[in-house]
Amino acid sequence: MTHQVYAFEPPERFVAGTVGPPGERTFYLQARGGGRLVSVALEKMQVALLAEKLEELLAEAHQRFGAELPAAAEGPADNEPLDTPVDEEFRVGTLGLAFDVETSTVIIEAIAAEEAEFDAETETADDEDEDEDATPEISDDLDRLRVRLTPAEVRQFIDRAKRVVAAGRPPCPLCGQPLDPAGHLCPRHNGYHRR
């Protein structure tokens with residue numbers, strides 16, 4: 001079985017987004033470019049972790065290589081919904097990051113989960129050097145989405161990803177678990193229903 005590499009170097013648009021109401025949202029990374037549209041599904045925690053690790057990667061690239069460090073996203077914020085149709089190509093198991101010193105760009109790879117990996121905890125490979133092989137221990141037999149972004153585009157991605165993650169159900173002020181419209185069983189209230 002052959003694997004598919006969806007490469008966008010660079011994409012016209014690369015965003016994190018969701019489909020569905022809060023509490024039932026499915027999270028996606030979506031890349032568009034060259035008449036192609038690729039959407040890959042992942043967990044909310046993976047989106048939050050990707051934004052965090054990208055911030056660390058930008059800071060590291062700035063410190064080690066003098067890369068441009070955009071302070072804030074330039075231009076209007078991309079708050080548009082995901083492009084349709086949202087057809088899931090694969091579910092992400094591993095995320096890989098690298099900084100290409102020669103072009104001062106960030107490479108993000110979303111690699112498909114192996115069948116046995118669906119129940120396993122996901123991991124993020126974090127490789128700040130110029131080597132494009134951001135995930136050497138990952139099998140080459142897996143589908144992957146690869147995008148190459150400028151630091152300014154990375155900043156825009158981070159800002160949107162944070163908004164997408166924060167747009168879910170508000171947290172309970174006592175336990176931090178998401179509040180459903182009907183309330184939830186709060187462990188801080190010994191199991192009493194909190195509204």
# chains A, B, ... in the order shown; residues from 1 in each chain; ligands from 1
$ select_by_dssp --residues "segment 29-123 of chain A" --states "alpha helix (DSSP H)" --output "short mmCIF file (atom, residue, chain, number, x, y, z; two decimals) with N, CA and C atoms, in the first residue's frame"
data_model
loop_
_atom_site.label_atom_id
_atom_site.label_comp_id
_atom_site.auth_asym_id
_atom_site.auth_seq_id
_atom_site.Cartn_x
_atom_site.Cartn_y
_atom_site.Cartn_z
N LYS A 44 -8.33 18.04 20.16
CA LYS A 44 -8.23 19.42 20.65
C LYS A 44 -6.88 19.65 21.33
N MET A 45 -6.43 18.67 22.13
CA MET A 45 -5.16 18.82 22.84
C MET A 45 -3.99 18.92 21.87
N GLN A 46 -4.07 18.21 20.74
CA GLN A 46 -3.01 18.28 19.74
C GLN A 46 -2.94 19.68 19.12
N VAL A 47 -4.10 20.31 18.91
CA VAL A 47 -4.11 21.67 18.35
C VAL A 47 -3.47 22.63 19.35
N ALA A 48 -3.86 22.52 20.63
CA ALA A 48 -3.30 23.39 21.67
C ALA A 48 -1.79 23.18 21.79
N LEU A 49 -1.36 21.92 21.78
CA LEU A 49 0.07 21.61 21.90
C LEU A 49 0.85 22.09 20.68
N LEU A 50 0.25 21.96 19.49
CA LEU A 50 0.92 22.44 18.28
C LEU A 50 1.15 23.94 18.36
N ALA A 51 0.16 24.70 18.79
CA ALA A 51 0.32 26.16 18.92
C ALA A 51 1.43 26.49 19.92
N GLU A 52 1.44 25.78 21.04
CA GLU A 52 2.45 26.02 22.07
C GLU A 52 3.86 25.70 21.55
N LYS A 53 4.01 24.56 20.88
CA LYS A 53 5.32 24.15 20.38
C LYS A 53 5.80 25.05 19.24
N LEU A 54 4.86 25.57 18.44
CA LEU A 54 5.25 26.49 17.38
C LEU A 54 5.78 27.80 17.97
N GLU A 55 5.17 28.27 19.05
CA GLU A 55 5.68 29.47 19.72
C GLU A 55 7.09 29.23 20.23
N GLU A 56 7.32 28.06 20.83
CA GLU A 56 8.66 27.72 21.32
C GLU A 56 9.65 27.63 20.16
N LEU A 57 9.22 27.06 19.04
CA LEU A 57 10.10 26.92 17.88
C LEU A 57 10.49 28.28 17.32
N LEU A 58 9.53 29.21 17.23
CA LEU A 58 9.84 30.56 16.74
C LEU A 58 10.85 31.25 17.66
N ALA A 59 10.64 31.12 18.97
CA ALA A 59 11.56 31.75 19.93
C ALA A 59 12.95 31.14 19.82
N GLU A 60 13.02 29.82 19.67
CA GLU A 60 14.30 29.13 19.53
C GLU A 60 15.00 29.52 18.23
N ALA A 61 14.24 29.62 17.13
CA ALA A 61 14.82 30.00 15.84
C ALA A 61 15.34 31.43 15.89
N HIS A 62 14.64 32.29 16.59
CA HIS A 62 15.07 33.68 16.75
C HIS A 62 16.37 33.74 17.56
N GLN A 63 16.40 32.98 18.64
CA GLN A 63 17.57 32.99 19.53
C GLN A 63 18.79 32.36 18.86
N ARG A 64 18.61 31.22 18.21
CA ARG A 64 19.75 30.48 17.65
C ARG A 64 20.19 30.97 16.27
N PHE A 65 19.21 31.38 15.43
CA PHE A 65 19.53 31.70 14.04
C PHE A 65 19.20 33.13 13.66
#
$ residues_around --residues "segment 159-168 of chain A" --least-positions-apart "6" --cutoff "12 Å" --atoms "only C-alpha atoms" --output "MDAnalysis selection string"
chainID A and resid 14:30 43:55 70:74 76:82 152:153 177:181
$ residues_around --residues "Val147 of chain A" --least-positions-apart "4" --cutoff "6 Å" --atoms "only C-alpha atoms" --output "VMD selection string"
chain A and resid 7 to 9 107 to 108
$ closest_residue --among "A:Tyr6, A:Glu114, A:Gly35, A:Val154" --to "Asp141 of chain A" --atoms "only C-alpha atoms"
A:Glu114
$ closest_residue --among "A:Cys172, A:Glu68, A:Glu109, A:Ile158" --to "His189 of chain A" --atoms "only C-alpha atoms"
A:Cys172
